[in-house]
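Below is protein25.txt, which holds compact mmCIF, C-alpha atoms.
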# COMPACT_ATOMS: atom_id res chain seq x y z
CA MET A 26 -8.06 -6.33 -7.72
CA GLU A 27 -4.86 -4.44 -8.50
CA GLY A 28 -6.89 -1.31 -9.29
CA ALA A 29 -8.67 -1.46 -5.95
CA PHE A 30 -5.36 -1.96 -4.15
CA GLU A 31 -3.64 0.93 -5.95
CA SER A 32 -6.61 3.14 -5.16
CA ALA A 33 -6.44 2.19 -1.47
CA VAL A 34 -2.69 2.81 -1.38
CA ALA A 35 -3.12 6.25 -2.93
CA ARG A 36 -5.82 7.12 -0.41
CA HIS A 37 -4.16 5.81 2.74
CA GLN A 38 -0.37 5.70 2.34
CA ALA A 39 0.24 9.18 3.74
CA LYS A 40 -1.99 8.60 6.76
CA ILE A 41 -0.21 5.35 7.57
CA TYR A 42 3.25 6.84 7.10
CA THR A 43 2.42 10.06 8.98
CA PHE A 44 1.10 8.15 11.96
CA ALA A 45 4.10 5.84 11.99
CA CYS A 46 6.57 8.74 11.74
CA TYR A 47 5.11 10.68 14.65
CA PHE A 48 4.53 7.57 16.71
CA LEU A 49 8.00 6.12 16.27
CA GLY A 50 9.99 9.28 15.65
CA ASP A 51 12.18 7.34 13.26
CA ARG A 52 11.81 7.52 9.49
CA ALA A 53 13.39 4.14 8.75
CA GLU A 54 11.16 2.38 11.25
CA ALA A 55 8.13 4.22 9.88
CA GLU A 56 8.99 3.08 6.35
CA ASP A 57 9.21 -0.54 7.50
CA VAL A 58 5.87 -0.29 9.29
CA THR A 59 4.22 1.35 6.28
CA GLN A 60 5.50 -1.38 3.98
CA GLU A 61 4.29 -4.07 6.37
CA VAL A 62 0.84 -2.51 6.73
CA LEU A 63 0.34 -2.03 2.97
CA ILE A 64 1.29 -5.64 2.27
CA ARG A 65 -1.18 -6.77 4.94
CA LEU A 66 -3.76 -4.57 3.23
CA TRP A 67 -3.12 -6.42 -0.04
CA ARG A 68 -3.48 -9.80 1.63
CA ASN A 69 -6.74 -8.83 3.31
CA LEU A 70 -8.25 -6.60 0.65
CA ALA A 71 -10.93 -9.04 -0.44
CA LYS A 72 -12.12 -9.50 3.15
CA LEU A 73 -12.24 -5.80 3.99
CA ASP A 74 -15.41 -3.80 3.82
CA ALA A 75 -14.58 -0.49 2.09
CA ALA A 76 -16.49 1.43 4.77
CA ARG A 77 -14.34 -0.03 7.52
CA MET A 78 -10.99 0.00 5.75
CA ALA A 79 -9.84 3.29 7.28
CA ALA A 80 -10.55 2.10 10.83
CA TRP A 81 -8.87 -1.24 10.10
CA LEU A 82 -5.77 0.52 8.80
CA VAL A 83 -5.58 2.76 11.86
CA ARG A 84 -5.76 -0.26 14.12
CA VAL A 85 -3.22 -2.31 12.16
CA THR A 86 -0.82 0.63 11.86
CA ARG A 87 -1.05 1.45 15.51
CA ASN A 88 -0.48 -2.18 16.53
CA ALA A 89 2.49 -2.50 14.17
CA CYS A 90 3.99 0.68 15.62
CA TYR A 91 3.36 -0.51 19.15
CA ASP A 92 5.13 -3.79 18.40
CA ARG A 93 8.12 -1.82 17.08
CA LEU A 94 8.03 0.42 20.13
CA ARG A 95 8.27 -2.53 22.47
CA GLN A 96 11.25 -3.78 20.53
CA LYS A 97 12.93 -0.37 20.70
CA ARG A 98 12.09 0.30 24.32
CA ALA A 99 15.41 -0.96 25.59
CA THR A 100 17.29 1.50 23.38
CA GLY A 101 15.39 4.51 24.77
CA ARG A 102 15.47 6.18 21.35
CA TYR A 103 13.41 9.28 20.74
CA LEU A 104 13.15 11.52 17.77
CA ALA A 105 15.40 11.07 14.80
CA PRO A 106 17.01 14.35 13.73
CA GLU A 107 15.64 14.32 10.17
CA LEU A 108 12.03 13.98 11.29
CA ASP A 109 12.52 16.66 13.91
CA GLY A 110 13.98 19.07 11.39
CA GLU A 111 11.40 18.30 8.74
CA ALA A 112 8.49 18.84 11.09
CA ALA A 113 9.93 22.20 12.03
CA GLU A 114 10.64 23.33 8.48
CA ARG A 115 7.63 22.04 6.57
CA VAL A 116 5.04 24.56 7.68
CA PRO A 117 6.09 28.11 6.91
CA SER A 118 5.57 30.55 9.70
CA GLN A 119 2.92 33.21 9.21
CA ASP A 120 4.80 35.51 11.55
CA PRO A 121 7.25 37.95 9.94
CA ASP A 122 9.10 38.26 13.25
CA PRO A 123 12.20 36.02 13.06
CA GLU A 124 12.34 35.68 16.82
CA ALA A 125 8.75 34.47 16.91
CA THR A 126 9.58 32.08 14.10
CA ALA A 127 12.54 30.73 16.03
CA THR A 128 10.43 30.36 19.16
CA ARG A 129 7.70 28.55 17.28
CA GLY A 130 10.21 26.25 15.59
CA ASP A 131 11.74 25.46 18.95
CA LEU A 132 8.31 24.69 20.41
CA ARG A 133 7.49 22.40 17.50
CA ARG A 134 10.73 20.50 17.86
CA ARG A 135 10.21 20.05 21.59
CA LEU A 136 6.57 19.15 21.01
CA THR A 137 7.28 16.43 18.44
CA ALA A 138 9.95 15.01 20.75
CA ALA A 139 7.53 15.03 23.68
CA LEU A 140 4.82 13.45 21.52
CA THR A 141 7.10 10.60 20.51
CA ALA A 142 8.01 10.05 24.15
CA LEU A 143 4.41 9.90 25.41
CA ASP A 144 3.15 6.63 26.81
CA GLU A 145 0.42 4.70 25.11
CA PRO A 146 -2.47 5.09 24.62
CA TYR A 147 -1.98 8.87 24.82
CA ARG A 148 0.46 8.99 21.93
CA SER A 149 -1.87 7.21 19.51
CA VAL A 150 -4.98 9.18 20.37
CA LEU A 151 -3.20 12.54 20.16
CA ILE A 152 -1.70 11.74 16.77
CA LEU A 153 -5.07 10.56 15.48
CA ARG A 154 -6.97 13.49 16.97
CA GLU A 155 -4.63 16.45 16.73
CA VAL A 156 -2.33 15.57 13.84
CA GLN A 157 -4.70 13.60 11.62
CA GLY A 158 -7.98 15.27 12.62
CA LEU A 159 -10.04 12.17 13.35
CA SER A 160 -13.22 12.67 15.34
CA TYR A 161 -13.67 11.13 18.78
CA GLN A 162 -16.08 8.62 17.23
CA GLU A 163 -13.64 7.63 14.47
CA ILE A 164 -10.91 7.08 17.05
CA SER A 165 -13.30 5.07 19.21
CA ASP A 166 -14.22 2.86 16.21
CA ALA A 167 -10.64 2.44 15.07
CA LEU A 168 -9.11 1.60 18.43
CA GLU A 169 -12.23 -0.20 19.67
CA VAL A 170 -12.45 1.73 22.93
CA PRO A 171 -15.46 3.57 24.35
CA LEU A 172 -16.00 7.17 23.31
CA ASN A 173 -15.56 8.54 26.83
CA THR A 174 -12.30 6.64 27.17
CA VAL A 175 -11.03 8.36 24.03
CA ARG A 176 -11.99 11.72 25.47
CA VAL A 177 -10.22 11.04 28.76
CA HIS A 178 -7.10 9.77 26.99
CA ILE A 179 -6.92 12.88 24.80
CA HIS A 180 -7.24 15.18 27.78
CA ARG A 181 -4.65 13.32 29.79
CA GLY A 182 -2.34 13.12 26.81
CA ARG A 183 -2.44 16.88 26.38
CA GLN A 184 -1.81 17.36 30.10
CA ARG A 185 1.23 15.12 29.88
CA LEU A 186 2.51 17.04 26.88
CA ARG A 187 2.24 20.27 28.83
CA GLN A 188 4.08 18.72 31.75
CA ALA A 189 6.77 17.37 29.44
CA LEU A 190 7.28 20.77 27.82
CA HIS A 191 7.66 22.37 31.25
CA SER A 192 10.33 19.90 32.26
CA GLU A 193 12.37 20.05 29.02
CA PRO A 194 15.13 22.64 28.79
CA ARG A 195 14.36 25.21 26.16
CA GLU A 196 16.80 25.71 23.30
CA VAL A 197 17.34 28.88 21.38
CA THR A 198 17.70 28.19 17.69
CA VAL A 199 18.66 30.96 15.37
CA HIS A 200 17.52 30.57 11.78
CA ALA A 201 20.04 32.19 9.47
CA MET B 26 -28.70 39.35 42.24
CA PRO B 27 -26.09 37.51 40.17
CA GLU B 28 -25.18 34.09 41.41
CA ALA B 29 -21.79 34.04 43.15
CA ILE B 30 -19.17 32.07 41.27
CA GLU B 31 -17.50 29.50 43.47
CA THR B 32 -13.76 29.79 43.52
CA MET B 33 -11.66 27.06 42.02
CA THR B 34 -8.30 25.73 43.07
CA CYS B 35 -5.40 25.64 40.60
CA GLU B 36 -5.44 21.84 40.69
CA ALA B 37 -9.11 21.75 39.72
CA ALA B 38 -8.55 24.45 37.10
CA LEU B 39 -5.73 22.56 35.42
CA ALA B 40 -7.78 19.35 35.45
CA ALA B 41 -10.67 21.17 33.78
CA LEU B 42 -8.50 22.96 31.22
CA GLU B 43 -8.65 20.34 28.45
CA PRO B 44 -12.41 19.75 28.61
CA TYR B 45 -12.77 23.54 28.64
CA LEU B 46 -10.73 23.91 25.46
CA ASP B 47 -12.87 21.19 23.86
CA GLY B 48 -16.06 23.01 24.83
CA GLU B 49 -17.22 20.23 27.11
CA LEU B 50 -17.80 22.13 30.34
CA ASP B 51 -21.30 23.20 31.32
CA ARG B 52 -21.96 26.90 31.77
CA ARG B 53 -21.38 26.89 35.52
CA GLU B 54 -18.05 25.07 35.33
CA ARG B 55 -16.93 27.24 32.43
CA GLU B 56 -17.64 30.42 34.36
CA ARG B 57 -15.80 29.13 37.41
CA LEU B 58 -12.76 28.25 35.34
CA GLU B 59 -12.75 31.52 33.43
CA ALA B 60 -13.00 33.42 36.68
CA HIS B 61 -9.98 31.51 37.99
CA LEU B 62 -8.00 32.01 34.76
CA GLY B 63 -8.68 35.73 34.99
CA ALA B 64 -7.24 35.83 38.48
CA CYS B 65 -4.37 33.31 38.28
CA ALA B 66 -1.41 34.17 36.00
CA GLY B 67 0.08 30.69 36.32
CA CYS B 68 -3.06 28.91 35.15
CA ALA B 69 -3.60 31.51 32.44
CA GLU B 70 -0.12 30.71 31.16
CA GLU B 71 -1.06 27.01 31.18
CA ARG B 72 -4.11 27.82 29.07
CA GLU B 73 -1.91 29.65 26.54
CA LEU B 74 0.50 26.70 26.46
CA ALA B 75 -2.40 24.28 25.93
CA LEU B 76 -3.70 26.43 23.07
CA ALA B 77 -0.22 26.57 21.52
CA ILE B 78 0.16 22.79 21.81
CA GLY B 79 -3.14 22.22 20.05
CA ARG B 80 -2.22 24.74 17.36
CA GLU B 81 1.22 23.22 16.73
CA LEU B 82 0.00 19.62 16.74
CA ARG B 83 -2.66 20.46 14.17
CA ALA B 84 -0.03 22.21 12.07
CA LEU B 85 2.33 19.22 11.98
CA PRO B 86 2.83 18.28 8.34
CA ARG B 87 1.32 15.29 6.65
CA LEU B 88 4.17 13.13 5.35
CA ASP B 89 3.99 11.18 2.09
CA CYS B 90 5.42 7.69 2.05
CA PRO B 91 8.69 7.66 0.07
CA ALA B 92 8.38 6.25 -3.45
CA PRO B 93 10.98 3.46 -2.90
CA VAL B 94 8.83 2.03 -0.09
CA LEU B 95 5.76 1.94 -2.33
CA ALA B 96 7.88 0.34 -5.06
CA ARG B 97 8.93 -2.42 -2.63
CA VAL B 98 5.28 -2.98 -1.75
CA ARG B 99 4.34 -3.30 -5.42
CA ARG B 100 7.16 -5.77 -6.05
CA GLU B 101 6.05 -7.92 -3.14
CA VAL B 102 2.45 -7.79 -4.34
CA GLU B 103 3.56 -8.87 -7.83
CA ARG B 104 5.62 -11.68 -6.36
CA GLU B 105 2.68 -12.92 -4.32
CA ARG B 106 0.36 -12.63 -7.31
CA GLY B 107 2.74 -14.77 -9.33
CA ALA B 108 2.80 -17.42 -6.61
CA ARG B 109 -0.88 -17.23 -5.75
CA PRO B 110 -3.08 -15.73 -8.48
CA TRP B 111 -6.00 -15.78 -6.11
CA ALA B 112 -4.04 -13.95 -3.40
CA GLY B 113 -5.99 -11.04 -2.04
CA ALA B 114 -9.19 -12.17 -3.69
CA ARG B 115 -11.93 -14.63 -3.04
CA PRO B 116 -11.89 -17.35 -5.72
CA ARG B 117 -14.15 -16.37 -8.58
CA PRO B 118 -16.23 -19.04 -10.35
CA GLY B 119 -13.85 -21.14 -12.39
CA GLU B 120 -10.81 -20.18 -10.29
CA PRO B 121 -9.29 -22.74 -7.94
CA GLY B 122 -11.09 -22.72 -4.62
CA ARG B 123 -10.01 -24.65 -1.58
CA ARG B 124 -11.64 -27.93 -2.60
CA SER B 125 -10.69 -27.70 -6.28
CA ARG B 126 -7.01 -27.24 -5.33
CA LEU B 127 -6.97 -30.91 -4.49
CA ARG B 128 -7.71 -31.81 -8.11
CA PRO B 129 -4.48 -30.42 -9.53
CA MET B 130 -2.50 -31.93 -6.66
CA LEU B 131 -4.03 -35.31 -7.40
CA ALA B 132 -3.32 -34.78 -11.10
CA ALA B 133 0.29 -33.97 -10.25
CA ALA B 134 0.58 -37.10 -8.10
CA ALA B 135 -0.99 -39.22 -10.88
CA LEU B 136 1.41 -37.68 -13.39
CA LEU B 137 4.41 -38.53 -11.23
CA ALA B 138 3.13 -42.09 -10.76
CA ALA B 139 2.63 -42.39 -14.52
CA LEU B 140 6.15 -41.05 -15.19
CA GLY B 141 7.57 -43.50 -12.69
CA ALA B 142 5.68 -46.37 -14.32
CA ALA B 143 6.95 -45.24 -17.72
CA PHE B 144 10.56 -45.32 -16.50
CA LEU B 145 9.93 -48.75 -15.03
CA ALA B 146 8.36 -50.16 -18.19
CA ARG B 147 11.32 -48.90 -20.20
CA ASP B 148 13.84 -50.50 -17.85
CA LEU B 149 12.02 -53.81 -17.49
CA GLY B 150 11.76 -54.09 -21.25
CA GLY B 151 8.72 -56.23 -20.81
CA PRO B 152 6.59 -57.61 -23.57
CA ALA B 153 6.35 -54.74 -26.01
CA ALA B 154 2.67 -53.97 -25.98
CA ALA B 155 1.85 -51.18 -28.35
CA PRO B 156 0.13 -48.38 -26.48
CA PRO B 157 -3.33 -47.55 -27.73
CA ALA B 158 -3.20 -44.72 -30.21
CA ALA B 159 -4.28 -41.39 -28.71
CA SER B 160 -6.03 -38.71 -30.69
CA PRO B 161 -4.33 -35.35 -31.16
CA GLN B 162 -6.99 -33.82 -28.93
CA GLU B 163 -6.25 -36.30 -26.15
CA VAL B 164 -2.53 -35.64 -26.51
CA ALA B 165 -3.08 -31.88 -26.36
CA ARG B 166 -5.33 -32.20 -23.32
CA ALA B 167 -2.88 -34.50 -21.52
CA THR B 168 -0.03 -32.09 -22.25
CA ALA B 169 -2.00 -29.11 -20.94
CA GLU B 170 -3.04 -30.99 -17.79
CA ALA B 171 0.50 -32.19 -17.15
CA ARG B 172 1.86 -28.68 -17.65
CA PHE B 173 -0.76 -27.22 -15.31
CA ALA B 174 -0.09 -29.88 -12.69
CA LEU B 175 3.65 -29.25 -12.76
CA GLU B 176 3.09 -25.49 -12.61
CA PHE B 177 0.72 -25.94 -9.68
CA VAL B 178 3.24 -28.04 -7.79
CA GLY B 179 5.80 -25.33 -8.49
CA ARG B 180 3.53 -22.62 -7.10
CA ALA B 181 2.80 -24.71 -4.06
CA GLY B 182 6.51 -25.05 -3.57
CA ARG B 183 7.05 -21.31 -3.83
CA ARG B 184 4.27 -20.68 -1.36
CA THR B 185 5.96 -22.95 1.14
CA GLY B 186 9.30 -21.27 0.51
CA LEU B 187 10.69 -23.99 -1.70
CA ASP B 188 11.82 -23.34 -5.24
CA LEU B 189 10.83 -26.31 -7.35
CA ARG B 190 11.61 -26.61 -11.01
CA ASP B 191 10.90 -29.32 -13.51
CA ASP B 192 14.47 -30.65 -13.42
CA VAL B 193 14.27 -30.80 -9.63
CA LEU B 194 10.98 -32.66 -9.82
CA GLY B 195 12.45 -35.16 -12.26
CA ARG B 196 15.59 -35.74 -10.29
CA HIS B 197 14.15 -35.73 -6.80
CA LEU B 198 10.65 -37.10 -7.24
CA VAL B 199 10.20 -39.01 -10.48
CA ALA B 200 13.50 -40.92 -10.40
CA PRO B 201 13.18 -42.08 -6.78
CA VAL B 202 9.60 -43.22 -7.46
CA ALA B 203 10.88 -45.19 -10.45
CA ARG B 204 13.67 -46.78 -8.41
CA THR B 205 11.23 -47.78 -5.67
CA LEU B 206 8.87 -49.39 -8.14
CA ARG B 207 11.77 -51.12 -9.87
CA GLY B 208 13.00 -52.58 -6.61
CA ALA B 209 9.54 -53.75 -5.59
CA LEU B 210 8.93 -55.49 -8.93
CA ALA B 211 12.51 -56.81 -9.46
CA PRO B 212 11.64 -60.56 -9.06
CA ALA B 213 8.91 -60.20 -11.70
CA ALA B 214 11.33 -58.37 -13.97
CA SER B 215 13.90 -61.16 -13.66
CA ALA B 216 11.28 -63.73 -14.56
CA VAL B 217 10.31 -61.76 -17.65
CA ALA B 218 13.96 -61.43 -18.70
CA ALA B 219 14.52 -65.16 -18.23
CA GLU B 220 11.49 -65.92 -20.44
CA ASP B 221 12.86 -63.61 -23.10
CA ARG B 222 16.25 -65.37 -23.07
CA LYS B 223 14.57 -68.76 -23.43
CA GLY B 224 12.72 -67.51 -26.45
CA THR B 225 15.88 -66.25 -28.29
Give the structure from this file in structure tokens form.
Amino acid sequence: MEGAFESAVARHQAKIYTFACYFLGDRAEAEDVTQEVLIRLWRNLAKLDAARMAAWLVRVTRNACYDRLRQKRATGRYLAPELDGEAAERVPSQDPDPEATATRGDLRRRLTAALTALDEPYRSVLILREVQGLSYQEISDALEVPLNTVRVHIHRGRQRLRQALHSEPREVTVHA
Amino acid sequence: MPEAIETMTCEAALAALEPYLDGELDRRERERLEAHLGACAGCAEERELALAIGRELRALPRLDCPAPVLARVRREVERERGARPWAGARPRPGEPGRRSRLRPMLAAAALLAALGAAFLARDLGGPAAAPPAASPQEVARATAEARFALEFVGRAGRRTGLDLRDDVLGRHLVAPVARTLRGALAPAASAVAAEDRKGT
């Protein structure tokens, strides 16, 4: 049983943590959620069909994040600085132009902030679709909503991101 | 004669932008939108922003869970495995299932009753009847069963959040049982003692 659990952890820990980080915008909260979800995985491992484990984990992770979000709602917290900075630094720019690099880094920072501030269900579906590359069908299975609903939510989520980026003041960041 | 493309408002164009980027518009709608995007700088800029958003979202890094978090998970799993060896697994043949868990609990209760009776017999000092001799195999089996029963009660305690140990069991369960039995049988004990004094 331990071997099966370790194998599942190795396969899914990054997906769980990545989703939680971009959903909550807070590394400490994401760590707590990831720990909670993995322990629930252990407790339910024998009951889980291997073919449906990924969908189950998406659903459990999303619900755990949503519960945290409701608890945090009163604080109005958005993106934690370390996650914002890491998201901007992790992917090296292909563009040799430093100004383009700065612009792209600025866009990414504003985008991750806007993503974390999106309402549900748009936040979940965009993370699953755009960040984690799930298909519409996989999202439909995981969140147990009709396929067309997933499609509509993704489209509206992107629209809201565009609107959010229009309304946020742009910052100019100079990379030394 | 080529079919005239109906014009599209900016509102309709922006609403169709996402399905367009996902390749979900039919040919007619796609042509209408592309005609509008070619003529409207504002909507064209929106298309570029939408493309950039998609590009940047897909480029967001995958984040690995920090090692200390995974270590905490493993410690919790080990702790639960120690408390409940069947945790996370269906009972295999020979492992305690739901019904067979009653057997060790009953064995533990019988053990405690036997211990209480043993304390009582010692205190009453009744007629010394030599216990029947037990074979080494019977002694070994009784010891193993008693050990398992006490361990099971301990696990059950941990599962419920209590921390039971043998000395706790003795002090808080066996001794009170013995006192209760002693009190209930006190008149009989006095009669036995009086008989003994008459005989000496």
Problem - Within 9 Å of chain A: residues of chain B, using all atoms listed in the file, as a PyMOL selection string - result: chain B and resi 39-40+42-44+71+74-75+77-91+94-95+97-99+101-102+112-115
Exercise for the section: Quick one: pull the distance between CA of Arg204 in chain B and CA of Arg166 in chain B, Å, one decimal. Expected result: 28.2 Å
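By chain and then residue number, the residues within 6 Å of range 81-96 of chain A are Met78, Ala167 and Leu168 of chain A, counting all atoms listed in the file and disregarding those fewer than 3 positions away in sequence.
Counting from CA of Glu54 in chain A, the distance to CA of Ala92 in chain B is 15.5 Å.
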Exercise for the section: Work out how far apart CA of Gly67 in chain B and CA of Thr174 in chain A are and give it in Å to one decimal. Expected result: 28.6 Å
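Proximity ranking of A:Thr126, A:Arg185, A:Asn173, A:Tyr161 relative to Tyr147 in chain A places A:Arg185 first, based on only C-alpha atoms.
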Each side padded by 6 Å, which centre and which edge lengths in Å (one decimal) define the axis-aligned box around the listed atoms of range 38-48 of chain B? Give them as lines of an AutoDock Vina configuration file.
center_x = -10.9
center_y = 21.9
center_z = 30.5
size_x = 22.3
size_y = 17.1
size_z = 25.2
